[in-house]
file target.tsv (TSV, C-alpha atoms and all ligand atoms)
chain	number	residue	atom	x	y	z
A	1	MET	CA	21.55	0.46	3.21
A	2	GLU	CA	20.18	0.29	-0.30
A	3	LEU	CA	17.61	3.02	0.29
A	4	LYS	CA	19.80	5.45	2.21
A	5	ASP	CA	18.38	9.01	2.16
A	6	GLN	CA	15.46	8.00	-0.07
A	7	ALA	CA	12.25	9.80	0.93
A	8	ILE	CA	9.35	7.34	0.92
A	9	ILE	CA	5.68	7.80	1.85
A	10	VAL	CA	3.78	4.83	3.27
A	11	THR	CA	-0.02	5.12	3.31
A	12	GLY	CA	-1.87	2.98	5.80
A	13	GLY	CA	1.37	3.17	7.78
A	14	ALA	CA	-0.28	3.03	11.20
A	15	SER	CA	-1.19	-0.67	11.04
A	16	GLY	CA	-0.59	-4.07	9.48
A	17	ILE	CA	1.39	-4.28	6.24
A	18	GLY	CA	2.02	-0.51	6.08
A	19	ARG	CA	3.40	-0.37	9.62
A	20	GLU	CA	5.82	-3.21	8.94
A	21	ALA	CA	6.81	-1.61	5.63
A	22	CYS	CA	7.79	1.59	7.48
A	23	PHE	CA	10.21	-0.46	9.61
A	24	ALA	CA	11.54	-2.53	6.68
A	25	LEU	CA	12.19	0.59	4.57
A	26	ALA	CA	13.80	2.43	7.49
A	27	ARG	CA	16.13	-0.51	8.17
A	28	MET	CA	17.28	-0.12	4.55
A	29	GLY	CA	18.06	3.55	5.28
A	30	ALA	CA	14.96	5.31	3.88
A	31	ASP	CA	13.42	8.39	5.47
A	32	ILE	CA	9.70	7.87	5.98
A	33	VAL	CA	6.42	9.76	6.08
A	34	VAL	CA	3.90	7.57	7.88
A	35	ALA	CA	0.54	8.57	6.40
A	36	ASP	CA	-2.76	7.34	7.78
A	37	PHE	CA	-6.30	8.32	8.67
A	38	ASN	CA	-5.39	7.25	12.19
A	39	ALA	CA	-3.24	10.22	13.28
A	40	GLU	CA	-2.34	8.83	16.69
A	41	GLY	CA	-1.29	5.45	15.26
A	42	ALA	CA	0.79	7.11	12.54
A	43	ALA	CA	2.57	9.35	15.08
A	44	LYS	CA	3.45	6.32	17.20
A	45	VAL	CA	4.90	4.42	14.22
A	46	ALA	CA	6.89	7.52	13.17
A	47	GLU	CA	8.40	7.67	16.66
A	48	GLU	CA	9.40	3.98	16.47
A	49	VAL	CA	10.87	4.52	12.99
A	50	GLN	CA	12.97	7.47	14.22
A	51	ALA	CA	14.48	5.15	16.81
A	52	LEU	CA	15.97	3.18	13.88
A	53	GLY	CA	18.13	6.23	13.04
A	54	VAL	CA	16.33	7.72	10.03
A	55	ALA	CA	14.09	10.77	9.64
A	56	ALA	CA	10.39	10.06	10.09
A	57	HIS	CA	7.25	12.17	10.22
A	58	SER	CA	3.58	11.37	10.45
A	59	PHE	CA	0.75	12.92	8.44
A	60	GLN	CA	-3.00	12.50	8.85
A	61	VAL	CA	-4.61	11.85	5.48
A	62	ASP	CA	-7.79	10.48	3.99
A	63	VAL	CA	-6.36	8.89	0.86
A	64	SER	CA	-9.76	8.98	-0.84
A	65	VAL	CA	-9.62	12.80	-1.01
A	66	ALA	CA	-7.46	14.16	-3.85
A	67	GLN	CA	-6.46	17.42	-2.13
A	68	GLU	CA	-5.35	15.57	1.00
A	69	VAL	CA	-3.06	13.31	-1.02
A	70	GLU	CA	-1.63	16.34	-2.81
A	71	ALA	CA	-1.00	17.94	0.60
A	72	LEU	CA	0.73	14.73	1.76
A	73	VAL	CA	3.13	14.88	-1.19
A	74	ASP	CA	3.88	18.58	-0.53
A	75	PHE	CA	4.42	17.89	3.19
A	76	THR	CA	6.90	15.13	2.37
A	77	VAL	CA	9.01	17.34	0.11
A	78	GLU	CA	8.87	20.16	2.68
A	79	ARG	CA	10.07	17.87	5.52
A	80	LEU	CA	12.35	15.38	3.75
A	81	GLY	CA	13.57	17.61	0.89
A	82	THR	CA	12.55	15.25	-1.92
A	83	LEU	CA	10.29	12.36	-2.92
A	84	ASN	CA	11.64	9.04	-4.17
A	85	GLY	CA	8.84	6.61	-3.47
A	86	LEU	CA	5.26	6.06	-2.43
A	87	PHE	CA	3.76	2.85	-1.06
A	88	ASN	CA	0.07	3.19	-2.01
A	89	ASN	CA	-1.11	0.72	0.60
A	90	ALA	CA	-4.02	2.10	2.67
A	91	GLY	CA	-7.17	0.11	2.11
A	92	ILE	CA	-10.42	-1.17	3.54
A	93	GLY	CA	-12.93	-3.94	2.92
A	94	LEU	CA	-16.72	-3.68	3.20
A	95	VAL	CA	-18.20	-7.13	2.70
A	96	LYS	CA	-21.84	-7.48	1.56
A	97	PRO	CA	-23.74	-9.88	-0.68
A	98	PHE	CA	-24.08	-8.45	-4.18
A	99	LEU	CA	-27.83	-7.78	-3.82
A	100	GLU	CA	-27.07	-5.56	-0.81
A	101	MET	CA	-24.12	-3.84	-2.47
A	102	ASP	CA	-25.80	-0.43	-2.60
A	103	PRO	CA	-24.04	2.46	-4.36
A	104	ALA	CA	-22.66	3.94	-1.13
A	105	SER	CA	-21.02	0.64	-0.10
A	106	TYR	CA	-19.66	0.13	-3.59
A	107	LEU	CA	-18.28	3.64	-3.92
A	108	LYS	CA	-16.73	3.76	-0.45
A	109	VAL	CA	-14.33	0.93	-1.30
A	110	ILE	CA	-13.69	2.21	-4.83
A	111	GLU	CA	-12.76	5.61	-3.40
A	112	VAL	CA	-10.46	4.33	-0.63
A	113	ASP	CA	-8.85	1.35	-2.40
A	114	GLN	CA	-8.79	2.49	-6.04
A	115	HIS	CA	-9.00	6.27	-6.38
A	116	SER	CA	-6.35	6.67	-3.68
A	117	VAL	CA	-3.83	4.83	-5.84
A	118	TYR	CA	-4.53	7.13	-8.78
A	119	TYR	CA	-4.19	10.21	-6.52
A	120	GLY	CA	-0.90	8.95	-5.08
A	121	MET	CA	0.57	8.19	-8.50
A	122	TYR	CA	-0.75	11.41	-10.07
A	123	TYR	CA	0.45	13.88	-7.44
A	124	GLY	CA	3.55	11.83	-6.63
A	125	ALA	CA	4.70	11.50	-10.25
A	126	LYS	CA	4.04	15.17	-11.02
A	127	LYS	CA	6.21	16.12	-8.05
A	128	MET	CA	9.00	13.69	-9.02
A	129	VAL	CA	9.07	15.09	-12.56
A	130	GLU	CA	9.05	18.68	-11.21
A	131	LEU	CA	11.97	17.82	-8.89
A	132	GLY	CA	13.79	15.83	-11.58
A	133	THR	CA	14.07	12.78	-9.31
A	134	LYS	CA	13.66	9.14	-10.23
A	135	GLY	CA	11.11	7.25	-8.21
A	136	THR	CA	9.12	4.12	-7.50
A	137	PHE	CA	5.47	3.49	-6.73
A	138	VAL	CA	4.46	0.24	-5.07
A	139	ASN	CA	0.70	-0.34	-5.09
A	140	THR	CA	-1.07	-2.83	-2.83
A	141	ALA	CA	-3.56	-4.89	-4.83
A	142	SER	CA	-4.76	-8.31	-3.65
A	143	ILE	CA	-5.29	-11.86	-4.84
A	144	TYR	CA	-8.86	-10.59	-5.14
A	145	GLY	CA	-7.84	-8.31	-7.98
A	146	SER	CA	-7.44	-11.50	-10.04
A	147	VAL	CA	-10.12	-13.89	-8.78
A	148	ALA	CA	-13.64	-13.38	-7.43
A	149	SER	CA	-14.48	-13.42	-3.73
A	150	ARG	CA	-18.03	-13.72	-2.39
A	151	GLY	CA	-19.30	-10.48	-0.80
A	152	ASN	CA	-16.42	-8.49	-2.24
A	153	PHE	CA	-17.81	-7.09	-5.51
A	154	ASN	CA	-16.53	-3.62	-4.57
A	155	TYR	CA	-13.12	-4.88	-3.39
A	156	ASN	CA	-12.68	-7.16	-6.44
A	157	ALA	CA	-13.36	-4.20	-8.73
A	158	ALA	CA	-11.03	-1.84	-6.86
A	159	LYS	CA	-8.11	-4.27	-6.65
A	160	ALA	CA	-8.42	-5.31	-10.32
A	161	ALA	CA	-8.21	-1.61	-11.15
A	162	VAL	CA	-5.07	-1.28	-9.02
A	163	ILE	CA	-3.43	-4.06	-11.09
A	164	ALA	CA	-4.48	-2.31	-14.32
A	165	MET	CA	-3.33	1.15	-13.12
A	166	THR	CA	0.01	-0.36	-12.14
A	167	ARG	CA	0.54	-1.58	-15.73
A	168	SER	CA	-0.73	1.59	-17.33
A	169	GLY	CA	1.15	3.96	-15.02
A	170	ALA	CA	4.39	2.03	-15.54
A	171	LEU	CA	4.02	2.31	-19.30
A	172	GLU	CA	3.66	6.10	-19.25
A	173	LEU	CA	6.06	6.95	-16.44
A	174	ALA	CA	9.07	4.84	-17.51
A	175	GLU	CA	10.35	7.67	-19.73
A	176	HIS	CA	10.60	9.83	-16.59
A	177	GLY	CA	12.71	7.27	-14.71
A	178	ILE	CA	9.73	6.19	-12.62
A	179	ARG	CA	8.79	2.55	-11.95
A	180	VAL	CA	5.37	1.32	-10.90
A	181	VAL	CA	4.90	-2.16	-9.43
A	182	GLY	CA	2.22	-3.91	-7.44
A	183	ILE	CA	1.95	-6.56	-4.76
A	184	ALA	CA	-0.98	-8.95	-4.43
A	185	PRO	CA	-1.10	-10.28	-0.87
A	186	GLY	CA	-2.96	-13.43	0.11
A	187	TYR	CA	-4.42	-13.58	3.66
A	188	ILE	CA	-2.23	-11.48	5.90
A	189	ASP	CA	-2.54	-11.56	9.67
A	190	THR	CA	-3.64	-7.94	10.24
A	191	PRO	CA	-6.70	-6.27	11.83
A	192	ILE	CA	-8.45	-6.12	8.41
A	193	LEU	CA	-9.23	-9.87	8.75
A	194	GLY	CA	-11.23	-9.33	11.97
A	195	THR	CA	-10.89	-11.46	15.10
A	196	ASP	CA	-13.00	-14.60	14.48
A	197	LYS	CA	-10.59	-17.53	14.90
A	198	GLY	CA	-12.82	-19.93	12.91
A	199	VAL	CA	-12.87	-17.54	9.95
A	200	LYS	CA	-9.12	-16.95	10.17
A	201	ASP	CA	-8.43	-20.71	10.21
A	202	GLN	CA	-10.56	-21.15	7.07
A	203	LEU	CA	-8.64	-18.40	5.31
A	204	ALA	CA	-5.27	-19.82	6.38
A	205	ALA	CA	-6.22	-23.25	4.99
A	206	GLN	CA	-6.24	-21.76	1.48
A	207	HIS	CA	-2.47	-21.12	1.57
A	208	MET	CA	0.04	-23.85	0.65
A	209	HIS	CA	1.50	-23.71	4.19
A	210	LYS	CA	-1.98	-23.51	5.83
A	211	GLU	CA	-0.99	-20.43	7.82
A	212	LEU	CA	-1.86	-16.75	7.61
A	213	ILE	CA	1.06	-14.73	6.26
A	214	ALA	CA	2.81	-12.38	8.71
A	215	PRO	CA	2.67	-8.71	7.63
A	216	GLU	CA	6.48	-8.58	7.91
A	217	LYS	CA	6.69	-11.06	5.01
A	218	VAL	CA	4.70	-8.72	2.77
A	219	ALA	CA	6.61	-5.65	3.96
A	220	SER	CA	9.98	-7.21	3.06
A	221	VAL	CA	8.80	-7.82	-0.52
A	222	ALA	CA	7.37	-4.30	-0.80
A	223	ALA	CA	10.62	-2.78	0.51
A	224	TYR	CA	12.69	-4.85	-1.94
A	225	LEU	CA	10.59	-3.54	-4.83
A	226	PHE	CA	11.74	0.02	-4.02
A	227	THR	CA	15.42	-0.95	-4.47
A	228	ASP	CA	17.57	-0.86	-7.61
A	229	ALA	CA	17.91	-4.64	-7.33
A	230	ALA	CA	14.27	-4.80	-8.45
A	231	GLN	CA	14.77	-2.42	-11.37
A	232	ALA	CA	13.70	-4.98	-13.97
A	233	ILE	CA	10.31	-5.48	-12.31
A	234	ASN	CA	7.97	-2.94	-13.86
A	235	GLY	CA	4.22	-2.79	-14.48
A	236	SER	CA	3.74	-6.22	-12.86
A	237	THR	CA	1.94	-7.13	-9.69
A	238	VAL	CA	3.85	-9.67	-7.62
A	239	PRO	CA	1.80	-12.26	-5.70
A	240	VAL	CA	2.72	-12.55	-2.01
A	241	ASP	CA	0.19	-15.26	-1.31
A	242	ASP	CA	1.93	-18.53	-0.33
A	243	GLY	CA	0.73	-20.14	-3.52
A	244	PHE	CA	-2.95	-19.09	-3.39
A	245	LEU	CA	-2.97	-18.10	-7.08
A	246	ALA	CA	-0.56	-20.85	-8.17
A	301	LIG	P1	-4.92	-2.73	8.29
A	301	LIG	O1	-6.35	-2.53	8.57
A	301	LIG	O2	-4.03	-3.34	9.33
A	301	LIG	O3	-4.24	-1.37	7.80
A	301	LIG	C1	-4.89	-0.48	6.94
A	301	LIG	C2	-4.51	0.94	7.32
A	301	LIG	O4	-5.10	1.82	6.35
A	301	LIG	C3	-5.07	1.35	8.70
A	301	LIG	O5	-4.04	1.92	9.49
A	301	LIG	C4	-6.15	2.37	8.37
A	301	LIG	O6	-6.28	3.40	9.34
A	301	LIG	C5	-5.63	2.93	7.05
A	301	LIG	N1	-6.71	3.54	6.27
A	301	LIG	C6	-7.93	3.02	5.98
A	301	LIG	N2	-8.66	3.90	5.27
A	301	LIG	C7	-7.88	4.99	5.08
A	301	LIG	C8	-8.06	6.23	4.42
A	301	LIG	N3	-9.22	6.53	3.80
A	301	LIG	N4	-7.04	7.11	4.42
A	301	LIG	C9	-5.88	6.83	5.06
A	301	LIG	N5	-5.65	5.68	5.71
A	301	LIG	C10	-6.64	4.76	5.71
A	301	LIG	O7	-4.91	-3.64	6.97
A	301	LIG	P2	-3.74	-4.30	6.11
A	301	LIG	O8	-4.07	-5.74	6.01
A	301	LIG	O9	-2.41	-3.88	6.55
A	301	LIG	O10	-4.08	-3.67	4.68
A	301	LIG	C11	-3.15	-2.93	3.92
A	301	LIG	C12	-3.49	-3.14	2.45
A	301	LIG	O11	-3.32	-4.51	2.12
A	301	LIG	C13	-4.91	-2.78	2.04
A	301	LIG	O12	-4.88	-2.13	0.79
A	301	LIG	C14	-5.58	-4.14	1.91
A	301	LIG	O13	-6.66	-4.13	1.02
A	301	LIG	C15	-4.43	-4.96	1.38
A	301	LIG	N6	-4.58	-6.39	1.53
A	301	LIG	C16	-4.67	-6.97	2.78
A	301	LIG	C17	-4.83	-8.33	2.90
A	301	LIG	C18	-4.96	-9.00	4.21
A	301	LIG	O14	-5.30	-10.20	4.23
A	301	LIG	N7	-4.69	-8.36	5.34
A	301	LIG	C19	-4.89	-9.18	1.70
A	301	LIG	C20	-4.75	-8.48	0.45
A	301	LIG	C21	-4.61	-7.13	0.40
call {"tool": "encode", "arguments": {"input": "target.tsv", "output": "C-alpha cells"}}
result
Amino acid sequence: MELKDQAIIVTGGASGIGREACFALARMGADIVVADFNAEGAAKVAEEVQALGVAAHSFQVDVSVAQEVEALVDFTVERLGTLNGLFNNAGIGLVKPFLEMDPASYLKVIEVDQHSVYYGMYYGAKKMVELGTKGTFVNTASIYGSVASRGNFNYNAAKAAVIAMTRSGALELAEHGIRVVGIAPGYIDTPILGTDKGVKDQLAAQHMHKELIAPEKVASVAAYLFTDAAQAINGSTVPVDDGFLA
C-alpha cells in the first residue's frame, strides 16, 4: 500500500486511461478525486473506487477553465484533507488537415490538452506549498509530443508543450519537494481512438507487438510514478508505447 492515505486527483477519470488510473492508485491505497467533464461517468467511477476501500469523490470540471481547476484543488483539500498528487490526464483530439486547422480548432485542443496541465500544476503546486506537503504531478503527453502526426498539428503542439512543461515545472518545484513527470502513451485502446476496426488495426501495427495497448498498462505506469520507488524520475516523460519511439 505504497500510496496509503495519499490524496490524488485524476482528471479525465471517467474513461480510458484516467479511469484505470483511479483503480490502480486506489489499489495502492490512495484516496481519489475523480475529475471529469462527464459528471455521471466520474460519479460512477468514484463509486467503484470506494468499493476498493479508499475514500473517493467525483467532481465535474472543464480542465480548460482556470477557475474550475482551482475549484477542483480546493474541493480535494476540503474532502480529503490534503493534496499529494495530480494526474493531469484529461485530453481530446480534433483531427483536421493543416489547411483546415482554423484558429478555433487549433485553440480548442491547446486549451484542453495544454493549458489544463499548466492550470493543474499551478493551482496544485501552490496548494501543496501552502499546506507544506510534498507532492507529485504526472502529466499525460503522447508519442505525438515528439514526432509529427498528419492532421494533428494542434495535438502535436499541445503534447510537445506538455513534455516541455514537465521539464520546466520539475526544475522549479524540486526545491519544494514536488516532482513532475510525464508519460507518453502510444496507441491505447480507449474511446479516443474511435470505433473503426480498420483504422485501429493500422494503428496497432505500428507497435512492436502489433496490438493496441490496454489502458490498464498505462495506468500501472502512471500509478508507479506517484510512488517513492520512482523518486529518481523527475522532469522526464516516460514512453508507454510498446516501442513506437524506439
Ligand atoms: P478517453 O476519451 O477515454 O478519456 C478522456 C477523458 O477526458 C474523458 O472522460 C473526457 O470526458 C475527459 N475530458 C475531455 N475533455 C475534458 C475537459 N475539457 N475537462 C475535463 N475532462 C475532459 O481518452 P484516453 O485515451 O483515456 O485519453 C487520456 C489522455 O491520454 C489524453 O490526454 C490523451 O490525449 C492521452 N493519450 C491517449 C492515447 C490513446 O491512444 N488513447 C495516446 C496518447 C495519449
call {"tool": "residues_near_ligand", "arguments": {"input": "target.tsv", "ligand": "ligand LIG 301 (chain A)", "cutoff": "6 Å", "atoms": "only C-alpha atoms and all ligand atoms", "output": "CSV table (one decimal) with C-alpha atoms, keeping the file's coordinate frame"}}
result
chain,number,residue,atom,x,y,z
A,12,GLY,CA,-1.9,3.0,5.8
A,13,GLY,CA,1.4,3.2,7.8
A,14,ALA,CA,-0.3,3.0,11.2
A,15,SER,CA,-1.2,-0.7,11.0
A,16,GLY,CA,-0.6,-4.1,9.5
A,17,ILE,CA,1.4,-4.3,6.2
A,18,GLY,CA,2.0,-0.5,6.1
A,36,ASP,CA,-2.8,7.3,7.8
A,37,PHE,CA,-6.3,8.3,8.7
A,38,ASN,CA,-5.4,7.2,12.2
A,61,VAL,CA,-4.6,11.8,5.5
A,62,ASP,CA,-7.8,10.5,4.0
A,63,VAL,CA,-6.4,8.9,0.9
A,64,SER,CA,-9.8,9.0,-0.8
A,89,ASN,CA,-1.1,0.7,0.6
A,90,ALA,CA,-4.0,2.1,2.7
A,91,GLY,CA,-7.2,0.1,2.1
A,92,ILE,CA,-10.4,-1.2,3.5
A,112,VAL,CA,-10.5,4.3,-0.6
A,140,THR,CA,-1.1,-2.8,-2.8
A,141,ALA,CA,-3.6,-4.9,-4.8
A,142,SER,CA,-4.8,-8.3,-3.6
A,185,PRO,CA,-1.1,-10.3,-0.9
A,186,GLY,CA,-3.0,-13.4,0.1
A,187,TYR,CA,-4.4,-13.6,3.7
A,188,ILE,CA,-2.2,-11.5,5.9
A,189,ASP,CA,-2.5,-11.6,9.7
A,190,THR,CA,-3.6,-7.9,10.2
A,191,PRO,CA,-6.7,-6.3,11.8
A,192,ILE,CA,-8.4,-6.1,8.4
A,193,LEU,CA,-9.2,-9.9,8.8
call {"tool": "residues_near_point", "arguments": {"input": "target.tsv", "point": "(6.8, -1.4, -3.7)", "cutoff": "9 Å", "atoms": "only C-alpha atoms", "output": "ChimeraX atom specification"}}
result
/A:85-88,136-140,180-183,219,221-227
call {"tool": "closest_residue", "arguments": {"input": "target.tsv", "among": "A:Ile213, A:Ile8, A:Ala39, A:Val109", "to": "A:Ala161", "atoms": "only C-alpha atoms"}}
result
A:Val109
call {"tool": "closest_residue", "arguments": {"input": "target.tsv", "among": "A:Ala205, A:Ala184, A:Leu212, A:Ala30", "to": "A:Val238", "atoms": "only C-alpha atoms"}}
result
A:Ala184
call {"tool": "closest_residue", "arguments": {"input": "target.tsv", "among": "A:Gly81, A:Gly29, A:Pro215, A:Gly41", "to": "A:Leu131", "atoms": "all atoms listed in the file"}}
result
A:Gly81
call {"tool": "atom_distance", "arguments": {"input": "target.tsv", "atom1": "atom CA of A:Phe98", "atom2": "atom CA of A:Ala157"}}
result
12.4 Å
call {"tool": "atom_distance", "arguments": {"input": "target.tsv", "atom1": "atom CA of A:Ser236", "atom2": "atom CA of A:Val162"}}
result
10.8 Å
call {"tool": "atom_distance", "arguments": {"input": "target.tsv", "atom1": "atom CA of A:Gly124", "atom2": "atom CA of A:Val69"}}
result
8.8 Å
call {"tool": "closest_residue", "arguments": {"input": "target.tsv", "among": "A:Ser116, A:Ser105, A:Ser168, A:Thr133", "to": "A:Phe153", "atoms": "all atoms listed in the file"}}
result
A:Ser105
call {"tool": "axis_aligned_box", "arguments": {"input": "target.tsv", "around": "stretch 189-201 of chain A", "padding_each_side": "3 Å", "output": "lines of an AutoDock Vina configuration file"}}
result
center_x = -7.8
center_y = -13.4
center_z = 11.8
size_x = 16.5
size_y = 20.6
size_z = 12.7
call {"tool": "closest_residue", "arguments": {"input": "target.tsv", "among": "A:Gly145, A:Gly235, A:Gly120, A:Gly53", "to": "A:Arg167", "atoms": "only C-alpha atoms"}}
result
A:Gly235
call {"tool": "closest_residue", "arguments": {"input": "target.tsv", "among": "A:Ile9, A:Leu25, A:Ile110, A:Met121", "to": "A:Glu172", "atoms": "all atoms listed in the file"}}
result
A:Met121
